[in-house]
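Enquirer: Handing over run25.txt, compact mmCIF, C-alpha atoms.
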```
# COMPACT_ATOMS: atom_id res chain seq x y z
CA MET A 1 -8.34 -2.32 13.65
CA LEU A 2 -9.54 1.21 14.03
CA SER A 3 -12.30 2.52 11.75
CA SER A 4 -12.55 6.02 10.29
CA SER A 5 -15.95 6.85 11.75
CA SER A 6 -14.25 9.63 13.67
CA LEU A 7 -11.03 11.52 13.12
CA THR A 8 -9.42 9.97 16.12
CA ARG A 9 -9.86 6.59 14.48
CA CYS A 10 -8.97 7.49 10.93
CA ILE A 11 -5.30 6.85 10.67
CA THR A 12 -4.52 3.46 12.22
CA PRO A 13 -4.24 0.80 9.57
CA VAL A 14 -4.17 -2.38 9.85
CA LEU A 15 -3.13 -5.60 8.29
CA SER A 16 -0.75 -20.52 -10.10
CA SER A 17 0.06 -23.52 -10.74
CA SER A 18 -0.63 -26.33 -8.30
CA SER A 19 2.50 -28.11 -9.42
CA SER A 20 4.59 -25.13 -8.36
CA PHE A 21 3.05 -25.10 -4.90
CA SER A 22 3.26 -28.82 -4.35
CA SER A 23 6.89 -28.80 -5.40
CA ARG A 24 7.65 -26.17 -2.78
CA ARG A 25 5.86 -28.11 -0.07
CA ASN A 26 7.85 -31.22 -0.93
CA GLY A 27 11.19 -29.45 -0.82
CA LEU A 28 11.68 -29.25 -4.58
CA PRO A 29 12.74 -26.12 -6.44
CA SER A 30 9.94 -23.83 -7.57
CA SER A 31 9.46 -22.56 -11.10
CA SER A 32 9.46 -18.93 -9.96
CA SER A 33 10.81 -16.62 -12.62
CA SER A 34 12.78 -14.77 -9.94
CA SER A 35 14.74 -17.75 -8.64
CA ARG A 36 15.24 -20.91 -10.62
CA LEU A 37 17.28 -23.91 -9.63
CA VAL A 38 18.92 -25.60 -12.60
CA LYS A 39 20.06 -29.17 -12.27
CA LYS A 40 21.73 -31.32 -14.92
CA LYS A 41 23.28 -34.72 -14.65
CA ASN A 42 26.86 -34.58 -13.35
CA ILE A 43 26.72 -30.79 -13.16
CA ARG A 44 26.72 -28.92 -9.87
CA ARG A 45 23.52 -27.03 -9.01
CA THR A 46 23.54 -23.33 -9.65
CA ARG A 47 21.03 -20.82 -8.30
CA VAL A 48 20.34 -18.01 -10.73
CA THR A 49 18.60 -14.93 -9.33
CA ILE A 50 16.88 -12.57 -11.74
CA LYS A 51 15.28 -9.34 -10.57
CA SER A 52 11.81 -9.08 -12.09
CA ASP A 53 8.17 -8.62 -11.25
CA LEU A 54 6.44 -11.56 -9.60
CA GLU A 55 3.72 -13.47 -11.42
CA PRO A 56 0.70 -13.81 -9.12
CA ASP A 57 -0.24 -17.30 -10.31
CA ASN A 58 3.21 -18.73 -9.68
CA ILE A 59 4.08 -17.54 -6.18
CA SER A 60 3.42 -18.24 -2.52
CA VAL A 61 2.77 -15.44 -0.03
CA LEU A 62 2.37 -15.36 3.74
CA VAL A 63 -0.07 -12.77 5.10
CA ALA A 64 -0.01 -11.95 8.83
CA GLY A 65 -2.84 -9.90 10.29
CA GLY A 66 -6.45 -9.82 11.37
CA SER A 67 -9.79 -9.77 9.58
CA GLY A 68 -9.48 -6.34 7.91
CA VAL A 69 -6.89 -5.48 5.27
CA ALA A 70 -5.13 -8.82 5.73
CA MET A 71 -8.20 -10.75 4.63
CA ASP A 72 -8.74 -8.43 1.68
CA VAL A 73 -5.13 -9.04 0.63
CA PHE A 74 -5.79 -12.77 0.95
CA ARG A 75 -8.97 -12.58 -1.14
CA GLN A 76 -7.44 -10.55 -3.93
CA MET A 77 -4.22 -12.52 -4.16
CA THR A 78 -6.03 -15.84 -4.06
CA ALA A 79 -8.37 -14.66 -6.82
CA ALA A 80 -5.27 -13.89 -8.90
CA GLY A 81 -3.98 -17.44 -8.45
CA THR A 82 -1.49 -16.94 -5.62
CA TRP A 83 -0.99 -19.61 -2.98
CA VAL A 84 -1.61 -17.75 0.27
CA THR A 85 -1.03 -18.77 3.87
CA VAL A 86 -2.63 -16.61 6.57
CA LEU A 87 -1.26 -16.25 10.11
CA GLN A 88 -4.01 -15.12 12.50
CA ARG A 89 -4.72 -15.36 16.22
CA HIS A 90 -8.17 -16.86 15.68
CA GLU A 91 -9.93 -19.33 13.40
CA ASP A 92 -12.93 -17.18 12.45
CA ASN A 93 -11.85 -17.11 8.81
CA ARG A 94 -10.74 -20.74 8.46
CA LYS A 95 -13.75 -21.84 6.40
CA GLU A 96 -13.37 -19.00 3.91
CA ILE A 97 -9.60 -19.38 3.66
CA GLU A 98 -9.63 -23.13 3.10
CA SER A 99 -12.61 -23.03 0.73
CA VAL A 100 -10.49 -21.29 -1.91
CA GLY A 101 -7.32 -23.31 -1.35
CA GLY A 102 -5.64 -21.09 1.20
CA PHE A 103 -4.04 -22.18 4.45
CA LEU A 104 -4.61 -20.82 7.94
CA VAL A 105 -2.10 -21.10 10.73
CA LYS A 106 -3.60 -20.12 14.06
CA GLY A 107 -0.95 -18.29 16.01
CA ASP A 108 0.53 -15.05 17.22
CA VAL A 109 3.56 -13.14 15.97
CA PHE A 110 4.78 -13.17 19.60
CA ASP A 111 4.83 -16.98 19.54
CA PRO A 112 7.97 -18.22 17.76
CA LYS A 113 6.50 -21.70 17.34
CA SER A 114 3.44 -20.56 15.42
CA VAL A 115 5.50 -18.18 13.29
CA LYS A 116 7.91 -21.02 12.51
CA LYS A 117 4.98 -23.28 11.63
CA ALA A 118 3.61 -20.70 9.20
CA LEU A 119 7.03 -20.10 7.62
CA ASN A 120 7.71 -23.83 7.26
CA LEU A 121 4.36 -24.66 5.68
CA VAL A 122 5.95 -24.18 2.28
CA GLU A 123 9.61 -24.41 1.42
CA GLU A 124 9.84 -20.91 0.01
CA TYR A 125 7.62 -17.83 0.20
CA ASP A 126 8.15 -15.20 -2.45
CA ALA A 127 6.94 -12.47 -0.08
CA VAL A 128 5.46 -11.81 3.35
CA VAL A 129 2.84 -9.16 4.06
CA SER A 130 2.21 -7.90 7.60
CA THR A 131 -0.78 -5.81 8.62
CA VAL A 132 -0.17 -6.62 12.28
CA GLY A 133 -1.03 -3.81 14.68
CA GLY A 134 -2.20 -3.02 18.18
CA THR A 135 -4.18 -0.28 19.88
CA PRO A 136 -3.20 2.95 21.65
CA ALA A 137 -3.77 1.10 24.92
CA ASP A 138 -1.56 -1.82 23.91
CA PRO A 139 0.65 -0.98 20.92
CA LYS A 140 3.44 -3.50 21.38
CA ALA A 141 2.29 -5.57 18.39
CA ASP A 142 3.06 -2.60 16.15
CA SER A 143 6.75 -2.72 17.06
CA GLU A 144 7.72 -5.88 18.94
CA GLY A 145 5.30 -8.10 17.04
CA ASN A 146 6.32 -6.91 13.60
CA ILE A 147 10.01 -6.90 14.50
CA ALA A 148 9.79 -10.50 15.68
CA LEU A 149 8.08 -11.47 12.42
CA ILE A 150 10.61 -9.57 10.31
CA ASP A 151 13.54 -11.26 12.06
CA ALA A 152 11.97 -14.71 11.68
CA CYS A 153 11.40 -14.08 7.97
CA VAL A 154 14.98 -12.96 7.44
CA ALA A 155 16.24 -16.05 9.27
CA LYS A 156 14.08 -18.18 6.98
CA GLY A 157 15.50 -16.53 3.88
CA ILE A 158 12.43 -14.54 2.81
CA LYS A 159 13.45 -12.10 0.07
CA LYS A 160 10.60 -9.56 0.22
CA PHE A 161 8.66 -8.08 3.13
CA VAL A 162 5.72 -5.67 2.75
CA LEU A 163 4.82 -3.86 5.96
CA VAL A 164 1.49 -2.03 6.25
CA THR A 165 1.63 0.72 8.89
CA SER A 166 -0.12 4.10 8.87
CA ILE A 167 -0.02 7.70 7.76
CA GLY A 168 1.35 9.61 10.74
CA THR A 169 4.25 7.22 11.16
CA GLY A 170 7.83 8.45 10.95
CA ASP A 171 8.37 11.31 8.52
CA SER A 172 4.62 11.55 7.86
CA LYS A 173 4.02 12.73 11.43
CA SER A 174 2.78 16.14 10.29
CA ALA A 175 0.24 14.72 7.81
CA PRO A 176 -2.71 14.01 10.15
CA PRO A 177 -4.40 16.75 12.19
CA GLN A 178 -2.63 17.30 15.50
CA ASN A 179 -5.51 15.99 17.60
CA VAL A 180 -5.55 12.80 15.56
CA TYR A 181 -1.81 12.32 15.92
CA ASP A 182 -2.03 12.92 19.66
CA ALA A 183 -4.74 10.28 20.05
CA LEU A 184 -2.81 7.71 18.05
CA GLU A 185 0.71 8.63 19.10
CA PRO A 186 1.38 5.42 21.07
CA VAL A 187 0.79 3.18 18.05
CA LEU A 188 2.47 5.53 15.59
CA ILE A 189 5.66 5.62 17.65
CA GLU A 190 5.73 1.82 17.78
CA LYS A 191 5.02 1.52 14.05
CA GLU A 192 8.00 3.73 13.35
CA LYS A 193 10.23 1.33 15.28
CA ALA A 194 9.09 -1.52 13.05
CA GLU A 195 9.60 0.55 9.89
CA GLU A 196 13.12 1.54 10.90
CA HIS A 197 14.00 -2.04 11.84
CA LEU A 198 12.77 -3.30 8.48
CA LYS A 199 14.78 -0.70 6.56
CA LYS A 200 17.91 -1.43 8.61
CA ILE A 201 17.74 -5.19 8.26
CA ALA A 202 16.84 -4.93 4.57
CA LYS A 203 20.01 -2.94 4.00
CA GLU A 204 22.13 -5.35 6.03
CA LYS A 205 20.72 -8.55 4.54
CA GLY A 206 19.90 -7.37 1.03
CA ILE A 207 16.19 -8.17 1.11
CA ASP A 208 13.49 -6.19 -0.69
CA PHE A 209 10.93 -4.27 1.31
CA VAL A 210 7.96 -1.96 0.82
CA ILE A 211 6.22 0.10 3.50
CA VAL A 212 2.60 1.04 2.81
CA ARG A 213 1.02 3.74 5.01
CA PRO A 214 -2.76 3.91 4.58
CA GLY A 215 -4.92 6.78 5.78
CA GLY A 216 -8.18 6.39 7.69
CA LEU A 217 -9.72 3.02 6.93
CA LYS A 218 -13.26 2.42 5.71
CA SER A 219 -15.00 -0.88 5.11
CA GLU A 220 -17.13 0.12 2.10
CA PRO A 221 -16.51 -1.54 -1.29
CA ARG A 222 -13.45 -0.68 -3.32
CA THR A 223 -13.58 2.70 -5.09
CA ASN A 224 -10.62 2.31 -7.47
CA THR A 225 -9.73 5.97 -6.87
CA ALA A 226 -7.03 5.21 -4.31
CA VAL A 227 -3.41 6.01 -5.06
CA LEU A 228 0.10 5.63 -3.69
CA THR A 229 2.47 8.54 -3.22
CA GLU A 230 5.90 9.22 -1.78
CA ASN A 231 4.56 12.53 -0.50
CA THR A 232 4.65 12.49 3.31
CA ASN A 233 2.17 15.36 3.78
CA VAL A 234 -1.01 13.82 2.36
CA CYS A 235 -3.77 12.53 4.59
CA GLY A 236 -7.25 11.21 3.94
CA ALA A 237 -9.50 8.19 4.05
CA ILE A 238 -9.17 4.99 2.05
CA HIS A 239 -11.21 1.80 1.79
CA ARG A 240 -9.68 -1.43 3.02
CA GLU A 241 -10.22 -3.18 -0.31
CA ASP A 242 -8.28 -0.42 -2.05
CA VAL A 243 -5.45 -0.70 0.48
CA ALA A 244 -5.32 -4.43 -0.26
CA ALA A 245 -5.24 -3.81 -4.01
CA LEU A 246 -2.35 -1.36 -3.70
CA THR A 247 -0.53 -3.66 -1.27
CA MET A 248 -0.89 -6.51 -3.73
CA MET A 249 0.67 -4.37 -6.44
CA CYS A 250 3.56 -3.63 -4.09
CA VAL A 251 4.07 -7.35 -3.53
CA LEU A 252 4.21 -8.06 -7.25
CA LYS A 253 6.03 -5.07 -8.69
CA ASP A 254 9.77 -4.65 -8.43
CA LYS A 255 9.38 -0.90 -8.92
CA ALA A 256 7.94 -0.58 -5.39
CA ASN A 257 10.96 -2.15 -3.71
CA GLY A 258 12.68 0.08 -1.19
CA LYS A 259 9.81 2.58 -1.14
CA THR A 260 7.78 4.02 1.72
CA LEU A 261 4.39 4.96 0.27
CA SER A 262 1.30 6.70 1.63
CA ALA A 263 -2.04 5.30 0.44
CA VAL A 264 -5.07 7.58 0.17
CA ASP A 265 -8.24 7.93 -1.87
CA LYS A 266 -7.92 11.03 -4.05
CA ALA A 267 -11.64 11.63 -3.63
CA GLN A 268 -11.41 11.53 0.17
CA LEU A 269 -8.49 13.76 1.11
CA PHE A 270 -8.66 15.83 4.28
CA ASP A 271 -7.43 18.80 2.27
CA GLN A 272 -6.32 19.14 -1.34
CA PRO A 273 -2.52 19.34 -1.43
CA GLU A 274 -0.74 18.90 -4.71
CA PHE A 275 1.15 15.64 -4.80
CA GLU A 276 2.65 13.27 -7.30
CA VAL A 277 1.11 9.82 -7.63
CA PHE A 278 3.50 6.88 -7.50
CA ASN A 279 2.51 4.33 -10.10
CA VAL A 280 3.76 0.90 -9.19
CA GLY A 281 3.47 -0.40 -12.73
CA ASP A 282 4.67 1.10 -15.99
CA GLY A 283 2.97 4.20 -17.34
CA PRO A 284 0.13 6.30 -15.91
CA LEU A 285 -1.94 3.67 -14.14
CA SER A 286 -4.37 4.29 -11.26
CA PRO A 287 -7.38 4.49 -10.59
CA THR A 288 -6.14 2.03 -8.02
CA GLN A 289 -3.45 0.94 -10.43
CA GLU A 290 -5.94 0.50 -13.27
CA ALA A 291 -8.13 -1.72 -11.11
CA THR A 292 -5.05 -3.71 -10.18
CA GLU A 293 -3.99 -4.01 -13.78
CA ASN A 294 -7.43 -5.17 -14.86
CA ALA A 295 -7.49 -7.86 -12.21
CA LEU A 296 -4.06 -8.97 -13.45
CA LYS A 297 -5.55 -9.91 -16.81
```
Could you take the file, read its structure, and then write that structure out as structure tokens?
Expert:
Amino acid sequence: MLSSSSLTRCITPVLSSSSSFSSRRNGLPSSSSSSRLVKKKNIRRTRVTIKSDLEPDNISVLVAGGSGVAMDVFRQMTAAGTWVTVLQRHEDNRKEIESVGGFLVKGDVFDPKSVKKALNLVEEYDAVVSTVGGTPADPKADSEGNIALIDACVAKGIKKFVLVTSIGTGDSKSAPPQNVYDALEPVLIEKEKAEEHLKKIAKEKGIDFVIVRPGGLKSEPRTNTAVLTENTNVCGAIHREDVAALTMMCVLKDKANGKTLSAVDKAQLFDQPEFEVFNVGDGPLSPTQEATENALK
């Protein structure tokens, strides 16, 4: 994970009810409002799919990524009642993850066995979040790693995938200063490959997706002045906790589906372009989606 202590490091991003969870682990239908399995005596099972927002305390989510944004997503979603499994290459966070009821699968997105293990830990994930990324010296995780994870999720039947990439990727190439883009070009090119693959497979298979492109990452506490926008010209800094809060909203809210969104702190823009804020919820939310809808009530 690259910090924003210098411009050349400012753009690379990342990464209920107990009965509901236990039923998923034991192969029984979940009580998710988005997909309910109805069974009556002597009547054939029917799966009814209803498009709606997800309820954080009644879902399971897989988060793949390191100790930055991925862990902040884990913390915030767990605090909201979500059952979260984390796929990481190390066990540094095992104690924290397991202390609040989460699950850690040690593994790599390049290892099909560990990805399969994470995906099979519960019968059904409502969404997968990936903050997986590499470095300019070795950027293959940004493309090949994410693509492998996306394909495994589609094969498993995952219905929503949230990919966290970076401002400067794809059609936001002109947003960062040229010297910053030049320094990060290897990872940004690879991130674009993952974005395009996700959009293509989402269209082919009918899954929901959201792409979140944060600006330069900082590790200070959440500011609640971060926003999402469809504008591809904005660039600035943003704190990891705010990225996680906005990513969480994208997981939960149906309105975000199919969107590619830049994430910046309005108080930390590199310049002051006019842009329209994309509110994931209903009405004029933000700061940081009204502190993530008042911590989801």
Enquirer: May I have the residues at most 12 Å from (5.3, -18.3, 10.1) in the file's coordinates, counting all atoms listed in the file, as number ranges by chain?
Expert: A: 61-65, 85-88, 103-125, 127-130, 146, 148-156, 158
Enquirer: Which residues, written as an MDAnalysis selection string, have at least one atom at most 12 Å from Ser262 of chain A, with all atoms listed in the file counted and residues fewer than 6 positions away on the same chain left out?
Expert: chainID A and resid 11 13 163:173 175:176 210:216 226:238 243 246:247 275:278
Enquirer: Find the spatial neighbours of segment 191-203 of chain A, counting only C-alpha atoms, within a cut-off of 6 Å - ignore same-chain residues fewer than 2 positions away - and output them as a list in words.
Expert: Asp142, Ser143, Ile147, Thr169, Gly170, Leu188, Ile189, Lys205, Gly206 and Ile207 of chain A
Enquirer: Please reconstruct the missing atoms of segment 144-155 of chain A (target: all heavy atoms) and return them as a PDB file, in the frame of the given file.
Expert:
```
ATOM      1  N   GLU A 144       7.129  -4.590  18.553  1.00  0.00           N
ATOM      2  CA  GLU A 144       7.720  -5.880  18.940  1.00  0.00           C
ATOM      3  C   GLU A 144       7.182  -7.031  18.096  1.00  0.00           C
ATOM      4  O   GLU A 144       7.943  -7.921  17.700  1.00  0.00           O
ATOM      5  CB  GLU A 144       7.446  -6.142  20.414  1.00  0.00           C
ATOM      6  CG  GLU A 144       8.104  -5.144  21.353  1.00  0.00           C
ATOM      7  CD  GLU A 144       7.689  -5.367  22.800  1.00  0.00           C
ATOM      8  OE1 GLU A 144       7.362  -6.522  23.147  1.00  0.00           O
ATOM      9  OE2 GLU A 144       7.687  -4.392  23.580  1.00  0.00           O
ATOM     10  N   GLY A 145       5.888  -7.028  17.832  1.00  0.00           N
ATOM     11  CA  GLY A 145       5.300  -8.100  17.040  1.00  0.00           C
ATOM     12  C   GLY A 145       5.832  -8.128  15.620  1.00  0.00           C
ATOM     13  O   GLY A 145       6.257  -9.171  15.105  1.00  0.00           O
ATOM     14  N   ASN A 146       5.821  -6.970  14.973  1.00  0.00           N
ATOM     15  CA  ASN A 146       6.320  -6.910  13.600  1.00  0.00           C
ATOM     16  C   ASN A 146       7.821  -7.174  13.529  1.00  0.00           C
ATOM     17  O   ASN A 146       8.291  -7.844  12.608  1.00  0.00           O
ATOM     18  CB  ASN A 146       5.999  -5.539  12.990  1.00  0.00           C
ATOM     19  CG  ASN A 146       4.590  -5.479  12.439  1.00  0.00           C
ATOM     20  OD1 ASN A 146       4.168  -6.342  11.682  1.00  0.00           O
ATOM     21  ND2 ASN A 146       3.859  -4.453  12.816  1.00  0.00           N
ATOM     22  N   ILE A 147       8.567  -6.670  14.497  1.00  0.00           N
ATOM     23  CA  ILE A 147      10.010  -6.900  14.500  1.00  0.00           C
ATOM     24  C   ILE A 147      10.326  -8.384  14.649  1.00  0.00           C
ATOM     25  O   ILE A 147      11.210  -8.917  13.963  1.00  0.00           O
ATOM     26  CB  ILE A 147      10.684  -6.069  15.617  1.00  0.00           C
ATOM     27  CG1 ILE A 147      10.666  -4.587  15.233  1.00  0.00           C
ATOM     28  CG2 ILE A 147      12.115  -6.545  15.872  1.00  0.00           C
ATOM     29  CD1 ILE A 147      11.088  -3.655  16.354  1.00  0.00           C
ATOM     30  N   ALA A 148       9.585  -9.060  15.517  1.00  0.00           N
ATOM     31  CA  ALA A 148       9.790 -10.500  15.680  1.00  0.00           C
ATOM     32  C   ALA A 148       9.499 -11.241  14.373  1.00  0.00           C
ATOM     33  O   ALA A 148      10.226 -12.171  13.983  1.00  0.00           O
ATOM     34  CB  ALA A 148       8.900 -11.035  16.805  1.00  0.00           C
ATOM     35  N   LEU A 149       8.433 -10.832  13.688  1.00  0.00           N
ATOM     36  CA  LEU A 149       8.080 -11.470  12.420  1.00  0.00           C
ATOM     37  C   LEU A 149       9.133 -11.179  11.360  1.00  0.00           C
ATOM     38  O   LEU A 149       9.538 -12.080  10.605  1.00  0.00           O
ATOM     39  CB  LEU A 149       6.707 -10.991  11.963  1.00  0.00           C
ATOM     40  CG  LEU A 149       6.196 -11.571  10.643  1.00  0.00           C
ATOM     41  CD1 LEU A 149       6.063 -13.090  10.722  1.00  0.00           C
ATOM     42  CD2 LEU A 149       4.854 -10.941  10.255  1.00  0.00           C
ATOM     43  N   ILE A 150       9.572  -9.944  11.277  1.00  0.00           N
ATOM     44  CA  ILE A 150      10.610  -9.570  10.310  1.00  0.00           C
ATOM     45  C   ILE A 150      11.868 -10.413  10.523  1.00  0.00           C
ATOM     46  O   ILE A 150      12.437 -10.977   9.579  1.00  0.00           O
ATOM     47  CB  ILE A 150      10.937  -8.067  10.418  1.00  0.00           C
ATOM     48  CG1 ILE A 150       9.751  -7.227   9.929  1.00  0.00           C
ATOM     49  CG2 ILE A 150      12.200  -7.731   9.622  1.00  0.00           C
ATOM     50  CD1 ILE A 150       9.837  -5.756  10.321  1.00  0.00           C
ATOM     51  N   ASP A 151      12.310 -10.513  11.766  1.00  0.00           N
ATOM     52  CA  ASP A 151      13.540 -11.260  12.060  1.00  0.00           C
ATOM     53  C   ASP A 151      13.379 -12.742  11.716  1.00  0.00           C
ATOM     54  O   ASP A 151      14.312 -13.369  11.190  1.00  0.00           O
ATOM     55  CB  ASP A 151      13.899 -11.109  13.537  1.00  0.00           C
ATOM     56  CG  ASP A 151      14.418  -9.715  13.867  1.00  0.00           C
ATOM     57  OD1 ASP A 151      14.731  -8.962  12.936  1.00  0.00           O
ATOM     58  OD2 ASP A 151      14.500  -9.379  15.072  1.00  0.00           O
ATOM     59  N   ALA A 152      12.204 -13.305  12.002  1.00  0.00           N
ATOM     60  CA  ALA A 152      11.970 -14.710  11.680  1.00  0.00           C
ATOM     61  C   ALA A 152      11.982 -14.920  10.163  1.00  0.00           C
ATOM     62  O   ALA A 152      12.494 -15.932   9.666  1.00  0.00           O
ATOM     63  CB  ALA A 152      10.632 -15.172  12.268  1.00  0.00           C
ATOM     64  N   CYS A 153      11.425 -13.974   9.435  1.00  0.00           N
ATOM     65  CA  CYS A 153      11.400 -14.080   7.970  1.00  0.00           C
ATOM     66  C   CYS A 153      12.803 -13.992   7.387  1.00  0.00           C
ATOM     67  O   CYS A 153      13.154 -14.733   6.464  1.00  0.00           O
ATOM     68  CB  CYS A 153      10.516 -12.987   7.387  1.00  0.00           C
ATOM     69  SG  CYS A 153       8.748 -13.226   7.683  1.00  0.00           S
ATOM     70  N   VAL A 154      13.602 -13.092   7.922  1.00  0.00           N
ATOM     71  CA  VAL A 154      14.980 -12.960   7.440  1.00  0.00           C
ATOM     72  C   VAL A 154      15.763 -14.247   7.728  1.00  0.00           C
ATOM     73  O   VAL A 154      16.512 -14.736   6.876  1.00  0.00           O
ATOM     74  CB  VAL A 154      15.659 -11.742   8.089  1.00  0.00           C
ATOM     75  CG1 VAL A 154      17.156 -11.734   7.776  1.00  0.00           C
ATOM     76  CG2 VAL A 154      15.018 -10.456   7.597  1.00  0.00           C
ATOM     77  N   ALA A 155      15.561 -14.798   8.920  1.00  0.00           N
ATOM     78  CA  ALA A 155      16.240 -16.050   9.270  1.00  0.00           C
ATOM     79  C   ALA A 155      15.843 -17.191   8.345  1.00  0.00           C
ATOM     80  O   ALA A 155      16.641 -18.081   8.041  1.00  0.00           O
ATOM     81  CB  ALA A 155      15.949 -16.409  10.722  1.00  0.00           C
TER      82      ALA A 155
END
```
